[in-house]
$ cat run32.txt   # compact mmCIF, C-alpha atoms
# COMPACT_ATOMS: atom_id res chain seq x y z
CA MET R 605 61.07 167.71 122.69
CA GLU R 606 59.41 164.34 122.36
CA ILE R 607 60.19 164.27 118.62
CA VAL R 608 63.84 165.07 119.29
CA LEU R 609 64.07 162.24 121.83
CA ARG R 610 62.53 159.84 119.34
CA ASP R 611 65.08 160.85 116.71
CA VAL R 612 67.91 160.44 119.20
CA MET R 613 66.65 156.98 120.16
CA LYS R 614 66.39 155.93 116.52
CA ALA R 615 69.90 157.19 115.85
CA PHE R 616 71.20 155.40 118.93
CA THR R 617 69.45 152.16 117.93
CA LYS R 618 70.90 152.33 114.41
CA PHE R 619 74.34 153.03 115.87
CA ALA R 620 74.02 150.12 118.30
CA LEU R 621 72.88 147.72 115.56
CA LEU R 622 75.68 148.87 113.27
CA THR R 623 78.20 148.41 116.09
CA ILE R 624 76.92 144.89 116.81
CA LEU R 625 77.12 144.00 113.14
CA LEU R 626 80.67 145.33 112.91
CA ILE R 627 81.65 143.37 116.03
CA MET R 628 80.15 140.17 114.60
CA LEU R 629 81.85 140.72 111.25
CA SER R 630 85.18 141.38 112.97
CA ALA R 631 84.75 138.23 115.07
CA CYS R 632 84.11 136.16 111.96
CA ILE R 633 87.19 137.61 110.28
CA VAL R 634 89.35 136.99 113.36
CA MET R 635 88.05 133.40 113.71
CA GLY R 636 88.77 132.82 110.05
CA TYR R 637 92.38 133.90 110.50
CA ILE R 638 92.70 131.78 113.65
CA ARG R 639 91.43 128.72 111.81
CA MET R 640 93.74 129.45 108.89
CA PHE R 641 96.90 129.72 110.99
CA LEU R 642 96.25 127.50 114.01
CA PHE R 643 94.21 124.57 112.73
CA THR R 644 95.36 122.01 110.15
CA PRO R 645 92.71 121.30 107.52
CA VAL R 646 91.20 117.83 107.86
CA THR R 647 92.34 115.66 104.96
CA PRO R 648 90.82 112.28 104.13
CA LEU R 649 92.83 109.24 105.20
CA THR R 650 94.35 107.02 102.52
CA HIS R 651 92.82 103.56 102.95
CA VAL R 652 95.31 100.69 102.64
CA ARG R 653 93.91 97.17 102.24
CA LEU R 654 96.07 94.65 104.07
CA ASN R 655 96.03 90.87 104.01
CA MET R 656 97.61 89.71 107.25
CA PRO R 657 98.19 86.03 108.06
CA SER R 658 97.53 84.93 111.63
CA TRP R 659 101.21 84.32 112.43
CA PRO R 660 102.18 86.83 115.19
CA GLY R 661 105.32 87.86 113.32
CA PHE R 662 102.96 90.05 111.29
CA MET R 663 101.67 91.84 114.40
CA ILE R 664 103.44 95.20 114.00
CA ALA R 665 101.34 96.66 111.16
CA PRO R 666 97.98 96.17 112.93
CA LEU R 667 99.61 97.37 116.16
CA ALA R 668 100.60 100.60 114.37
CA GLU R 669 96.95 101.01 113.34
CA GLU R 670 95.74 100.25 116.87
CA LEU R 671 98.15 102.75 118.45
CA GLY R 672 97.12 105.53 116.05
CA TYR R 673 100.52 105.77 114.34
CA MET R 674 99.02 105.02 110.91
CA ARG R 675 96.41 107.75 111.37
CA GLU R 676 99.18 110.21 112.27
CA GLU R 677 100.66 109.41 108.85
CA GLY R 678 97.34 109.93 107.06
CA ILE R 679 96.66 106.20 106.64
CA LYS R 680 93.75 103.94 107.54
CA VAL R 681 94.62 100.23 107.47
CA GLY R 682 91.79 97.82 106.75
CA LEU R 683 92.26 94.07 107.17
CA LYS R 684 91.01 92.00 104.25
CA ASP R 685 91.14 88.19 104.20
CA TYR R 686 92.32 86.12 101.25
CA PRO R 687 89.72 84.10 99.35
CA ASP R 688 89.37 80.56 100.72
CA LYS R 689 91.39 78.73 98.05
CA SER R 690 94.81 77.08 98.02
CA VAL R 691 96.22 78.86 94.94
CA LEU R 692 95.51 82.53 94.21
CA ASP R 693 95.33 83.97 90.73
CA GLU R 694 95.83 87.53 89.55
CA SER R 695 92.23 88.58 90.14
CA ASP R 696 92.48 87.35 93.75
CA ILE R 697 95.65 89.34 94.40
CA LEU R 698 94.82 92.70 92.79
CA PRO R 699 92.35 93.90 95.49
CA TYR R 700 95.18 94.07 98.07
CA ASP R 701 97.54 96.99 98.59
CA VAL R 702 99.75 95.13 101.08
CA ARG R 703 100.10 91.40 101.72
CA GLY R 704 101.96 89.45 104.36
CA MET R 705 103.74 86.43 102.88
CA LEU R 706 106.95 84.40 102.79
CA ALA R 707 109.69 85.77 100.56
CA VAL R 708 109.98 82.39 98.81
CA ASP R 709 106.26 82.49 97.99
CA LEU R 710 106.65 85.84 96.24
CA VAL R 711 109.24 84.31 93.90
CA GLU R 712 106.91 81.41 93.13
CA GLU R 713 104.01 83.80 92.53
CA ALA R 714 106.07 85.99 90.19
CA ARG R 715 107.17 82.90 88.25
CA ARG R 716 103.69 81.39 88.07
CA ILE R 717 101.74 84.55 87.20
CA ARG R 718 103.85 87.70 86.83
CA PRO R 719 105.41 90.20 89.24
CA LEU R 720 102.51 91.94 90.99
CA GLY R 721 104.26 93.41 94.01
CA LYS R 722 107.53 94.09 95.80
CA ILE R 723 109.02 93.43 99.22
CA VAL R 724 109.03 96.71 101.15
CA LEU R 725 109.44 95.39 104.71
CA LEU R 726 110.87 92.28 106.35
CA THR R 727 108.74 91.52 109.38
CA ASP R 728 110.45 88.51 110.98
CA ARG R 729 112.80 85.59 110.45
CA SER R 730 112.37 82.13 111.90
CA VAL R 731 115.27 81.06 114.12
CA GLY R 732 114.05 77.65 115.22
CA GLY R 733 110.28 77.77 115.03
CA ASP R 734 110.05 76.06 111.61
CA ALA R 735 111.39 72.57 111.02
CA LEU R 736 111.50 69.44 108.95
CA ILE R 737 110.67 66.47 111.20
CA ALA R 738 110.52 62.71 110.65
CA ARG R 739 108.40 60.00 112.19
CA ASP R 740 110.09 57.21 114.09
CA GLY R 741 111.35 54.60 111.61
CA ALA R 742 111.25 56.85 108.52
CA GLU R 743 113.75 56.24 105.73
CA PRO R 744 116.93 58.36 106.12
CA ILE R 745 116.79 61.72 104.35
CA GLN R 746 119.58 60.69 101.94
CA SER R 747 117.92 57.37 101.09
CA SER R 748 116.96 56.79 97.46
CA LYS R 749 113.78 55.01 98.55
CA LYS R 750 110.53 56.85 98.01
CA LYS R 751 109.48 58.94 101.02
CA ARG R 752 106.30 60.87 101.72
CA ILE R 753 106.35 64.43 103.00
CA THR R 754 103.55 66.74 104.04
CA GLY R 755 102.98 70.28 105.24
CA ASP R 756 100.19 72.84 105.20
CA ASP R 757 99.60 75.18 102.30
CA SER R 758 102.30 77.56 103.56
CA TYR R 759 105.09 75.17 102.64
CA PRO R 760 104.90 73.79 99.09
CA PHE R 761 107.99 75.82 98.18
CA PHE R 762 109.77 75.94 101.51
CA TYR R 763 110.33 72.24 102.08
CA PRO R 764 112.14 71.50 98.76
CA TYR R 765 114.50 74.38 99.55
CA VAL R 766 115.26 72.80 102.93
CA LEU R 767 115.81 69.43 101.32
CA ASP R 768 118.18 71.00 98.84
CA LEU R 769 120.20 72.47 101.70
CA LEU R 770 120.39 68.93 103.11
CA ASN R 771 121.58 67.55 99.75
CA GLY R 772 118.37 65.55 99.57
CA ASN R 773 116.89 64.63 96.21
CA ILE R 774 113.41 66.10 95.82
CA ASN R 775 112.57 63.33 93.32
CA ASP R 776 112.70 60.84 96.18
CA PHE R 777 109.80 62.59 97.87
CA GLU R 778 106.10 62.34 97.26
CA SER R 779 104.32 65.50 98.32
CA ASP R 780 101.15 65.06 100.38
CA LEU R 781 99.89 68.58 100.98
CA SER R 782 97.57 68.99 103.94
CA ILE R 783 95.21 71.84 104.75
CA THR R 784 95.89 72.28 108.45
CA GLN R 785 98.77 71.63 110.81
CA GLU R 786 96.51 69.41 112.92
CA GLU R 787 96.11 67.19 109.85
CA VAL R 788 99.86 67.29 109.24
CA LEU R 789 100.63 65.99 112.72
CA GLN R 790 97.91 63.33 112.56
CA LYS R 791 99.27 61.96 109.27
CA LEU R 792 102.75 61.79 110.75
CA LYS R 793 101.46 60.07 113.88
CA ASP R 794 99.46 57.55 111.81
CA LYS R 795 102.56 56.88 109.64
CA LYS R 796 100.74 57.98 106.50
CA VAL R 797 103.71 60.25 105.79
CA ASP R 798 107.39 59.96 106.69
CA TYR R 799 108.39 63.62 106.95
CA ALA R 800 106.56 66.84 107.68
CA MET R 801 107.19 70.55 107.55
CA THR R 802 105.78 72.17 110.69
CA TYR R 803 106.19 75.11 113.02
CA GLU R 804 105.47 76.18 116.57
CA PRO R 805 103.40 75.40 118.55
CA TYR R 806 102.82 72.22 116.51
CA LEU R 807 106.56 71.47 116.36
CA SER R 808 106.85 70.99 120.13
CA GLN R 809 103.73 68.83 120.12
CA ALA R 810 105.09 66.57 117.36
CA LEU R 811 108.44 66.13 119.11
CA ALA R 812 106.64 65.27 122.34
CA ASP R 813 104.70 62.59 120.42
CA GLY R 814 107.93 60.90 119.26
CA ALA R 815 108.90 62.68 116.02
CA HIS R 816 112.56 63.47 115.35
CA MET R 817 114.03 66.81 114.32
CA VAL R 818 115.86 66.66 110.99
CA PHE R 819 116.43 70.32 110.25
CA SER R 820 115.17 73.61 111.65
CA SER R 821 115.37 77.26 110.74
CA LYS R 822 117.93 77.59 113.54
CA ASP R 823 120.34 75.75 111.21
CA ALA R 824 119.85 78.36 108.48
CA PRO R 825 118.48 81.64 109.86
CA GLY R 826 116.81 83.52 107.05
CA VAL R 827 115.52 80.52 105.11
CA VAL R 828 112.05 81.42 106.43
CA THR R 829 111.60 85.19 106.12
CA ASP R 830 108.21 86.85 106.40
CA THR R 831 107.67 90.05 104.46
CA LEU R 832 105.12 92.74 103.63
CA ILE R 833 104.54 92.89 99.88
CA PHE R 834 103.21 96.18 98.50
CA SER R 835 101.39 96.10 95.17
CA ASP R 836 103.18 97.62 92.21
CA ALA R 837 100.21 99.97 91.76
CA MET R 838 100.57 101.24 95.35
CA ILE R 839 104.31 101.80 94.97
CA ASP R 840 103.96 103.54 91.61
CA LYS R 841 101.02 105.81 92.53
CA HIS R 842 101.68 106.47 96.22
CA PRO R 843 105.40 106.19 97.06
CA GLU R 844 104.96 108.77 99.85
CA ILE R 845 102.20 106.69 101.45
CA VAL R 846 104.49 103.64 101.27
CA PHE R 847 107.16 105.61 103.13
CA ARG R 848 104.68 106.85 105.74
CA PHE R 849 103.42 103.29 106.27
CA VAL R 850 106.99 102.14 106.93
CA ARG R 851 107.56 105.04 109.34
CA ALA R 852 104.40 104.21 111.30
CA TYR R 853 105.41 100.54 111.30
CA MET R 854 108.80 101.31 112.83
CA LYS R 855 107.20 103.50 115.51
CA ALA R 856 105.02 100.54 116.46
CA TYR R 857 108.05 98.24 116.39
CA ALA R 858 109.78 100.53 118.91
CA PHE R 859 106.64 100.48 121.08
CA TRP R 860 106.60 96.65 121.00
CA ARG R 861 110.28 96.46 121.94
CA ALA R 862 109.71 98.73 124.94
CA ASN R 863 106.28 97.39 125.98
CA PRO R 864 105.75 93.84 124.66
CA ASP R 865 102.98 92.92 127.11
CA GLN R 866 101.02 96.08 126.34
CA ALA R 867 101.49 95.47 122.61
CA TYR R 868 100.17 91.91 122.86
CA ARG R 869 97.13 93.07 124.80
CA ARG R 870 96.33 95.73 122.20
CA ILE R 871 96.13 93.22 119.35
CA GLN R 872 95.19 89.96 121.06
CA LYS R 873 91.63 90.10 119.69
CA ILE R 874 92.90 90.42 116.12
CA PHE R 875 95.22 87.42 116.41
CA LYS R 876 93.06 85.44 118.86
CA ARG R 877 96.00 84.82 121.19
CA THR R 878 96.69 85.60 124.82
CA PRO R 879 99.78 87.66 125.72
CA GLY R 880 101.30 84.44 127.08
CA GLU R 881 100.76 82.65 123.76
CA PHE R 882 102.32 85.58 121.92
CA GLU R 883 105.37 85.47 124.16
CA SER R 884 105.79 81.71 123.74
CA GLN R 885 105.59 81.75 119.94
CA MET R 886 107.85 84.78 119.56
CA LYS R 887 110.76 82.95 121.21
CA GLU R 888 111.54 81.17 117.93
CA VAL R 889 111.28 84.34 115.83
CA GLU R 890 113.64 87.23 115.21
CA MET R 891 111.58 90.38 114.69
CA LEU R 892 113.25 92.82 112.32
CA GLY R 893 113.48 96.56 112.94
CA LEU R 894 114.87 99.36 110.82
CA SER R 895 118.56 98.48 111.07
CA GLU R 896 117.96 94.77 110.31
CA ASN R 897 115.80 95.71 107.32
CA HIS R 898 118.44 98.10 106.06
CA ASP R 899 121.22 95.52 106.42
CA SER R 900 119.16 92.86 104.64
CA MET R 901 118.36 95.17 101.74
CA PHE R 902 121.94 96.39 101.43
CA SER R 903 123.80 93.10 101.16
CA GLY R 904 123.30 90.53 98.43
CA ILE R 905 124.99 87.49 99.92
CA GLY R 906 123.63 84.82 102.26
CA LEU R 907 120.16 83.93 103.51
CA ARG R 908 120.01 86.93 105.84
CA SER R 909 120.08 89.16 102.77
CA ILE R 910 116.68 89.33 101.16
CA TYR R 911 118.45 89.41 97.79
CA GLY R 912 120.50 86.33 98.65
CA ASN R 913 117.34 84.60 99.86
CA ILE R 914 115.22 85.09 96.75
CA ARG R 915 118.17 84.52 94.39
CA ALA R 916 118.71 81.12 95.98
CA VAL R 917 115.02 80.30 95.50
CA GLN R 918 115.19 81.32 91.84
CA VAL R 919 118.28 79.16 91.24
CA TYR R 920 116.58 76.22 92.88
CA GLU R 921 113.34 76.64 90.93
CA ASN R 922 115.21 76.95 87.62
CA ARG R 923 117.16 73.78 88.36
CA ARG R 924 114.00 71.92 89.37
CA GLY R 925 111.79 72.95 86.45
CA GLU R 926 111.42 75.33 83.56
CA VAL R 927 114.11 78.02 83.44
CA LYS R 928 112.51 81.46 83.64
CA GLU R 929 114.13 84.82 83.08
CA LEU R 930 112.94 86.60 86.19
CA ASN R 931 114.88 89.49 87.73
CA VAL R 932 114.23 88.61 91.36
CA ASP R 933 116.20 91.64 92.60
CA ALA R 934 113.42 93.78 91.10
CA LEU R 935 110.99 92.13 93.55
CA VAL R 936 112.51 94.24 96.34
CA TYR R 937 111.66 97.92 96.86
CA PRO R 938 114.32 99.18 99.32
CA ASN R 939 113.63 102.91 98.86
CA ALA R 940 111.34 103.42 101.86
CA ILE R 941 113.65 101.60 104.29
CA GLN R 942 116.75 103.34 102.97
CA ARG R 943 115.12 106.77 103.13
CA LEU R 944 113.91 106.22 106.70
CA TYR R 945 117.32 104.91 107.72
CA ILE R 946 119.04 107.98 106.26
CA ASP R 947 116.48 110.27 107.95
CA GLY R 948 117.49 108.77 111.27
CA GLY R 949 114.43 106.64 111.89
CA MET R 950 111.44 108.37 113.41
CA GLN R 951 112.16 111.99 112.49
$ encode --input "run32.txt" --output "structure tokens"
Amino acid sequence: MEIVLRDVMKAFTKFALLTILLIMLSACIVMGYIRMFLFTPVTPLTHVRLNMPSWPGFMIAPLAEELGYMREEGIKVGLKDYPDKSVLDESDILPYDVRGMLAVDLVEEARRIRPLGKIVLLTDRSVGGDALIARDGAEPIQSSKKKRITGDDSYPFFYPYVLDLLNGNINDFESDLSITQEEVLQKLKDKKVDYAMTYEPYLSQALADGAHMVFSSKDAPGVVTDTLIFSDAMIDKHPEIVFRFVRAYMKAYAFWRANPDQAYRRIQKIFKRTPGEFESQMKEVEMLGLSENHDSMFSGIGLRSIYGNIRAVQVYENRRGEVKELNVDALVYPNAIQRLYIDGGMQ
């Protein structure tokens, strides 16, 4: 009897262990299927290296990163500063996937080196925040007498374009490039220069100190257009990432439009500005969303068209110096904007 009980207990133990093993195996199989159908596999984020100037018109891209919109698109944006030098060469530029810069500067760069990137997004246009000013007693702009003009390193190619719009002769001007806007204003105040290219908040300060407004971006909206330039390598190898970047950007733009104060607070540490300073400087800027980008990349006439803008720069540069065969239209990559516009925006 005792032997029989021992055999029964052994059989029961084996049965119990087998049952437990089968339950555990079934659980593993079920969990595997659950993971397969309910959970999205984690994929590594595509890192995009961005150079972003401190001007708040460039705020939307880092805001999209801060709000998590870039991550939703499989992108991680890393901010990378330019080398500390006034003129960049090809080796300086190649480490960047995206750069924030003036449209006119891209034309100059393509002429000086070679085309290394394309305009994918227009971030903002100046509508009064950039200006040519004169000190009290300066020679008239149309005078044939020699005049001195200064600006920081953002403006070596903007101010001659402005002068050309004024029918001024660039040969009557001696360029005195300064490093900072504080130095620009001091030179004007000390009468070491006659004219200066400046922008807010320095513009208001200069006018308060007695300078006179000659011309501002309000007189020609579009003459100062900020853009995001994507490297040719990024566009060629990762066109889908370029599109996703633009989609995340426009989501952040919509957030900024609906919640400007919250947006400024989210990125104030990056730009080292208070929400109040953001609001003040943005008054002279037209931020560009999807429809404005689409319109600018569709038309080819006038300064509000990015094509019209860079064509005018090319004409000016060819008239001023060596004629170069550069297809400036090829410096624009409208595909991402056009695709997003056709898709209906955020879908």
$ closest_atom_pairs --input "run32.txt" --of "region 690-784 of chain R" --to "region 808-821 of chain R" --cutoff "6 Å" --atoms "only C-alpha atoms" --output "CSV"
residue,atom,partner,partner_atom,distance
R:Ser730,CA,R:Ser821,CA,5.8
R:Val731,CA,R:Ser821,CA,5.1
R:Gly732,CA,R:Ser821,CA,4.7
R:Asp734,CA,R:Ser821,CA,5.5
R:Ala735,CA,R:Ser820,CA,4.0
R:Leu736,CA,R:Phe819,CA,5.2
R:Ile737,CA,R:Met817,CA,4.6
R:Ala738,CA,R:His816,CA,5.2
R:Arg739,CA,R:Ala815,CA,4.7
R:Asp740,CA,R:Ala815,CA,5.9
$ residues_around --input "run32.txt" --residues "Gln746 (chain R)" --least-positions-apart "3" --cutoff "8 Å" --atoms "all atoms listed in the file" --output "list in words"
Asn771, Gly772 and Asn773 of chain R
$ atom_distance --input "run32.txt" --atom1 "CA of Leu649 (chain R)" --atom2 "CA of Ile845 (chain R)"
10.4 Å
$ closest_residue --input "run32.txt" --among "R:Glu694, R:Glu844, R:Asp768, R:Glu881" --to "Asn939 (chain R)" --atoms "only C-alpha atoms"
R:Glu844
$ closest_residue --input "run32.txt" --among "R:Leu832, R:Thr647, R:Leu667, R:Pro805" --to "Asn863 (chain R)" --atoms "all atoms listed in the file"
R:Leu667
$ closest_residue --input "run32.txt" --among "R:Ile905, R:Ala742, R:Ala852, R:Met891" --to "Gly661 (chain R)" --atoms "only C-alpha atoms"
R:Met891
$ residues_around --input "run32.txt" --residues "region 695-701 of chain R" --least-positions-apart "3" --cutoff "6 Å" --atoms "all atoms listed in the file" --output "ChimeraX atom specification"
/R:652-653,692,834-835
$ closest_residue --input "run32.txt" --among "R:Ile664, R:Leu725, R:Val850, R:Pro648" --to "Phe875 (chain R)" --atoms "all atoms listed in the file"
R:Ile664
$ atom_distance --input "run32.txt" --atom1 "CA of Ala800 (chain R)" --atom2 "CA of Lys928 (chain R)"
28.8 Å
$ atom_distance --input "run32.txt" --atom1 "CA of Tyr799 (chain R)" --atom2 "CA of Phe662 (chain R)"
27.3 Å
$ closest_residue --input "run32.txt" --among "R:Ile783, R:Val846, R:Met705, R:Leu789" --to "Asp728 (chain R)" --atoms "all atoms listed in the file"
R:Met705
$ closest_residue --input "run32.txt" --among "R:Arg877, R:Lys791, R:Arg908, R:Lys796" --to "Arg729 (chain R)" --atoms "all atoms listed in the file"
R:Arg908
$ axis_aligned_box --input "run32.txt" --around "region 754-773 of chain R" --padding-each-side "6 Å" --output "AutoDock Vina command-line options"
--center_x 110.6 --center_y 71.1 --center_z 100.7 --size_x 34.0 --size_y 24.9 --size_z 21.0
$ residues_near_point --input "run32.txt" --point "(88.6, 89.8, 106.9)" --cutoff "10 Å" --atoms "all atoms listed in the file" --output "PyMOL selection string"
chain R and resi 654-656+682-687
$ decode --input "run32.txt" --residues "region 847-881 of chain R" --atoms "N, CA and C atoms" --output "PDB file, in the first residue's frame"
ATOM      1  N   PHE R 847      11.340  65.050 -44.823  1.00  0.00           N
ATOM      2  CA  PHE R 847       9.888  65.274 -44.780  1.00  0.00           C
ATOM      3  C   PHE R 847       9.376  65.221 -43.347  1.00  0.00           C
ATOM      4  N   ARG R 848       9.832  64.235 -42.579  1.00  0.00           N
ATOM      5  CA  ARG R 848       9.367  64.104 -41.190  1.00  0.00           C
ATOM      6  C   ARG R 848       9.806  65.301 -40.349  1.00  0.00           C
ATOM      7  N   PHE R 849      10.997  65.802 -40.597  1.00  0.00           N
ATOM      8  CA  PHE R 849      11.483  66.996 -39.904  1.00  0.00           C
ATOM      9  C   PHE R 849      10.541  68.166 -40.176  1.00  0.00           C
ATOM     10  N   VAL R 850      10.178  68.344 -41.439  1.00  0.00           N
ATOM     11  CA  VAL R 850       9.270  69.440 -41.814  1.00  0.00           C
ATOM     12  C   VAL R 850       7.914  69.258 -41.148  1.00  0.00           C
ATOM     13  N   ARG R 851       7.428  68.019 -41.086  1.00  0.00           N
ATOM     14  CA  ARG R 851       6.127  67.768 -40.457  1.00  0.00           C
ATOM     15  C   ARG R 851       6.171  68.095 -38.970  1.00  0.00           C
ATOM     16  N   ALA R 852       7.235  67.680 -38.285  1.00  0.00           N
ATOM     17  CA  ALA R 852       7.382  68.009 -36.865  1.00  0.00           C
ATOM     18  C   ALA R 852       7.499  69.519 -36.670  1.00  0.00           C
ATOM     19  N   TYR R 853       8.214  70.168 -37.569  1.00  0.00           N
ATOM     20  CA  TYR R 853       8.384  71.626 -37.509  1.00  0.00           C
ATOM     21  C   TYR R 853       7.028  72.319 -37.575  1.00  0.00           C
ATOM     22  N   MET R 854       6.183  71.905 -38.502  1.00  0.00           N
ATOM     23  CA  MET R 854       4.891  72.561 -38.673  1.00  0.00           C
ATOM     24  C   MET R 854       3.939  72.273 -37.505  1.00  0.00           C
ATOM     25  N   LYS R 855       4.099  71.127 -36.862  1.00  0.00           N
ATOM     26  CA  LYS R 855       3.324  70.862 -35.640  1.00  0.00           C
ATOM     27  C   LYS R 855       3.721  71.860 -34.554  1.00  0.00           C
ATOM     28  N   ALA R 856       5.033  72.085 -34.432  1.00  0.00           N
ATOM     29  CA  ALA R 856       5.518  73.039 -33.432  1.00  0.00           C
ATOM     30  C   ALA R 856       5.106  74.461 -33.789  1.00  0.00           C
ATOM     31  N   TYR R 857       5.076  74.776 -35.069  1.00  0.00           N
ATOM     32  CA  TYR R 857       4.620  76.102 -35.503  1.00  0.00           C
ATOM     33  C   TYR R 857       3.169  76.318 -35.072  1.00  0.00           C
ATOM     34  N   ALA R 858       2.329  75.299 -35.260  1.00  0.00           N
ATOM     35  CA  ALA R 858       0.927  75.399 -34.844  1.00  0.00           C
ATOM     36  C   ALA R 858       0.816  75.570 -33.336  1.00  0.00           C
ATOM     37  N   PHE R 859       1.679  74.870 -32.581  1.00  0.00           N
ATOM     38  CA  PHE R 859       1.686  75.019 -31.121  1.00  0.00           C
ATOM     39  C   PHE R 859       2.048  76.454 -30.748  1.00  0.00           C
ATOM     40  N   TRP R 860       3.084  77.012 -31.391  1.00  0.00           N
ATOM     41  CA  TRP R 860       3.505  78.390 -31.104  1.00  0.00           C
ATOM     42  C   TRP R 860       2.393  79.386 -31.402  1.00  0.00           C
ATOM     43  N   ARG R 861       1.707  79.192 -32.514  1.00  0.00           N
ATOM     44  CA  ARG R 861       0.613  80.103 -32.884  1.00  0.00           C
ATOM     45  C   ARG R 861      -0.485  80.087 -31.829  1.00  0.00           C
ATOM     46  N   ALA R 862      -0.789  78.918 -31.295  1.00  0.00           N
ATOM     47  CA  ALA R 862      -1.867  78.784 -30.319  1.00  0.00           C
ATOM     48  C   ALA R 862      -1.421  79.136 -28.900  1.00  0.00           C
ATOM     49  N   ASN R 863      -0.130  78.924 -28.600  1.00  0.00           N
ATOM     50  CA  ASN R 863       0.361  79.108 -27.217  1.00  0.00           C
ATOM     51  C   ASN R 863       1.716  79.812 -27.219  1.00  0.00           C
ATOM     52  N   PRO R 864       1.804  81.048 -27.680  1.00  0.00           N
ATOM     53  CA  PRO R 864       3.119  81.700 -27.789  1.00  0.00           C
ATOM     54  C   PRO R 864       3.871  81.789 -26.475  1.00  0.00           C
ATOM     55  N   ASP R 865       3.175  82.156 -25.398  1.00  0.00           N
ATOM     56  CA  ASP R 865       3.864  82.303 -24.110  1.00  0.00           C
ATOM     57  C   ASP R 865       4.445  80.980 -23.630  1.00  0.00           C
ATOM     58  N   GLN R 866       3.671  79.901 -23.779  1.00  0.00           N
ATOM     59  CA  GLN R 866       4.177  78.581 -23.387  1.00  0.00           C
ATOM     60  C   GLN R 866       5.379  78.192 -24.242  1.00  0.00           C
ATOM     61  N   ALA R 867       5.301  78.502 -25.536  1.00  0.00           N
ATOM     62  CA  ALA R 867       6.404  78.174 -26.447  1.00  0.00           C
ATOM     63  C   ALA R 867       7.675  78.911 -26.033  1.00  0.00           C
ATOM     64  N   TYR R 868       7.554  80.186 -25.720  1.00  0.00           N
ATOM     65  CA  TYR R 868       8.729  80.969 -25.330  1.00  0.00           C
ATOM     66  C   TYR R 868       9.347  80.426 -24.046  1.00  0.00           C
ATOM     67  N   ARG R 869       8.494  80.010 -23.119  1.00  0.00           N
ATOM     68  CA  ARG R 869       9.014  79.477 -21.861  1.00  0.00           C
ATOM     69  C   ARG R 869       9.764  78.156 -22.083  1.00  0.00           C
ATOM     70  N   ARG R 870       9.284  77.359 -23.032  1.00  0.00           N
ATOM     71  CA  ARG R 870       9.908  76.055 -23.271  1.00  0.00           C
ATOM     72  C   ARG R 870      11.328  76.189 -23.828  1.00  0.00           C
ATOM     73  N   ILE R 871      11.590  77.270 -24.547  1.00  0.00           N
ATOM     74  CA  ILE R 871      12.900  77.373 -25.211  1.00  0.00           C
ATOM     75  C   ILE R 871      13.712  78.582 -24.745  1.00  0.00           C
ATOM     76  N   GLN R 872      13.268  79.243 -23.685  1.00  0.00           N
ATOM     77  CA  GLN R 872      13.962  80.465 -23.279  1.00  0.00           C
ATOM     78  C   GLN R 872      15.403  80.201 -22.846  1.00  0.00           C
ATOM     79  N   LYS R 873      15.685  79.023 -22.297  1.00  0.00           N
ATOM     80  CA  LYS R 873      17.056  78.721 -21.885  1.00  0.00           C
ATOM     81  C   LYS R 873      17.971  78.554 -23.099  1.00  0.00           C
ATOM     82  N   ILE R 874      17.435  78.005 -24.178  1.00  0.00           N
ATOM     83  CA  ILE R 874      18.239  77.802 -25.384  1.00  0.00           C
ATOM     84  C   ILE R 874      18.634  79.142 -25.990  1.00  0.00           C
ATOM     85  N   PHE R 875      17.675  80.071 -26.041  1.00  0.00           N
ATOM     86  CA  PHE R 875      17.908  81.359 -26.695  1.00  0.00           C
ATOM     87  C   PHE R 875      18.344  82.455 -25.726  1.00  0.00           C
ATOM     88  N   LYS R 876      18.325  82.139 -24.423  1.00  0.00           N
ATOM     89  CA  LYS R 876      18.732  83.111 -23.406  1.00  0.00           C
ATOM     90  C   LYS R 876      17.924  84.407 -23.506  1.00  0.00           C
ATOM     91  N   ARG R 877      16.609  84.242 -23.609  1.00  0.00           N
ATOM     92  CA  ARG R 877      15.688  85.369 -23.664  1.00  0.00           C
ATOM     93  C   ARG R 877      14.499  85.086 -22.758  1.00  0.00           C
ATOM     94  N   THR R 878      13.921  86.140 -22.214  1.00  0.00           N
ATOM     95  CA  THR R 878      12.685  85.988 -21.460  1.00  0.00           C
ATOM     96  C   THR R 878      11.521  85.960 -22.435  1.00  0.00           C
ATOM     97  N   PRO R 879      10.357  85.424 -22.027  1.00  0.00           N
ATOM     98  CA  PRO R 879       9.182  85.477 -22.903  1.00  0.00           C
ATOM     99  C   PRO R 879       8.867  86.898 -23.369  1.00  0.00           C
ATOM    100  N   GLY R 880       9.075  87.883 -22.503  1.00  0.00           N
ATOM    101  CA  GLY R 880       8.829  89.273 -22.890  1.00  0.00           C
ATOM    102  C   GLY R 880       9.769  89.740 -23.980  1.00  0.00           C
ATOM    103  N   GLU R 881      11.029  89.331 -23.915  1.00  0.00           N
ATOM    104  CA  GLU R 881      12.003  89.698 -24.951  1.00  0.00           C
ATOM    105  C   GLU R 881      11.668  89.009 -26.270  1.00  0.00           C
TER     106      GLU R 881
END
